[in-house]
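Student: Take a look at this one; I'll ask things after.
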Amino acid sequence: MTAPRQRPLLLLDVDGPLNPYAAQPERRPHGYATFRMRPPSWQASLAASRPYGRPRAAEYTKPLRVWLNPDHGPQLRALPFELVWATTWMHEANAFIAPELALPELPVIEWPSIDLHRQDPEGLHWKTRQVAAWAAGRPFAWVDDELTEADRAWIAAHHDQPALLHHVDPRRGLTEADFTALADWAERTAAP
């Protein structure tokens, strides 16, 4: 008897695909709501301590503006994937993003702090090698706003299962076309 096939992984970046941070500040994309968040990593950042440039008490820390579309949670859950966070938010995505999208707690790819935004010797996205290692031979789709052809070529050469590296415009976030592309890829991948 053959074991049931595992569903492919859907590796989710937050900033760009779920939070269209690059949209015009005065023009929140249609369907999105504004959330003000103070995750611990944000509170510890110098960006949050503006204008003084030094850490401030949490109650005086400028909150992070995050745009999320509440419809994305149900749309993501309806896809035939196992959802995984692949974001610098790491476990904070479960605490701050998942509840706003009505998502359950998801597995998290943890990035060693020394790897965050480091330059790759082959010009790859700083997450690419860790994503491939974490997927451990499973088919996966990865949505991110920083993917390039170099990442696609590297994954094709180093990951022996189907993989879709899907770029999402950080000015728009996930769109219906993105959800359709993900569903179509999962269907083609599942076909014998």
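In the structure tokens, each chain is lettered A, B, ... as it comes, each chain's residues begin at 1, and ligands are numbered from 1 in order of appearance.
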Using only C-alpha atoms, I'd like a table of the residues in stretch 69-121 of chain A that come within 10 Å of stretch 7-14 of chain A; for each, show the closest atom pair and its distance in Å rounded to one decimal, ordered by chain and ascending number, as CSV.

Tutor:
residue,atom,partner,partner_atom,distance
A:Leu76,CA,A:Leu10,CA,9.0
A:Leu79,CA,A:Leu10,CA,9.0
A:Pro80,CA,A:Arg7,CA,6.6
A:Phe81,CA,A:Pro8,CA,5.2
A:Glu82,CA,A:Leu9,CA,4.7
A:Leu83,CA,A:Leu10,CA,4.9
A:Val84,CA,A:Leu11,CA,4.9
A:Trp85,CA,A:Leu12,CA,4.9
A:Ala86,CA,A:Leu12,CA,5.0
A:Thr87,CA,A:Asp13,CA,4.6
A:Thr88,CA,A:Asp13,CA,7.9
A:Trp89,CA,A:Val14,CA,7.4
A:Met90,CA,A:Asp13,CA,9.5
A:Ala93,CA,A:Val14,CA,7.8
A:Ile97,CA,A:Val14,CA,8.1
A:Pro107,CA,A:Leu11,CA,9.6
A:Val108,CA,A:Leu11,CA,9.1
A:Ile109,CA,A:Leu11,CA,8.7

Student: Using DSSP on the backbone coordinates, identify all residues within stretch 39-182 of chain A classified as strand (DSSP E); present the result as number ranges by chain.

Tutor: A: 64-68, 82-85, 140-144, 163-167

Student: Do you know which residues are at most 10 Å from A:Pro17 counting only C-alpha atoms, after dropping those on the same chain fewer than 6 positions away, and could you put them as a ChimeraX atom specification?

Tutor: /A:68,143-145,166-175,178

Student: Could you name the residues that touch A:Trp154 at 12 Å or less, counting only C-alpha atoms, but leaving out those on the same chain fewer than 4 positions away, as a list in words?

Tutor: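 Selected residues are Glu122, Gly123, Leu124, His125, Thr128, Arg129, Val131, Ala132, Leu147, Thr148, Glu149, Ala150, His158, His159, Asp160, Ala163 and Leu165 of chain A.
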
Student: Which of chain A end up as helix (DSSP H, G or I) when DSSP is run on this backbone - answer as a ChimeraX atom specification?

Tutor: /A:40-43,47-49,58-60,72-78,92-101,113-115,128-135,149-158,176-190

Student: For A:Met37, work out the shell of residues within 7 Å, counting only C-alpha atoms and skipping chain neighbours fewer than 5 positions away, then give it as a list in words.

Tutor: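 That gives Pro63, Leu64 and Arg65 of chain A.
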
Student: Of the candidates A:Phe140, A:Lys62, A:Asp71, A:Ala98, which one gets nearest to A:Leu182 if we count only C-alpha atoms?

Tutor: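 Among the listed residues, A:Phe140 lies closest to A:Leu182.
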
Student: By how many Å are atom CA of A:Ala186 and atom CA of A:Arg5 apart?

Tutor: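 Going from atom CA of A:Ala186 over to atom CA of A:Arg5, I get 12.5 Å.
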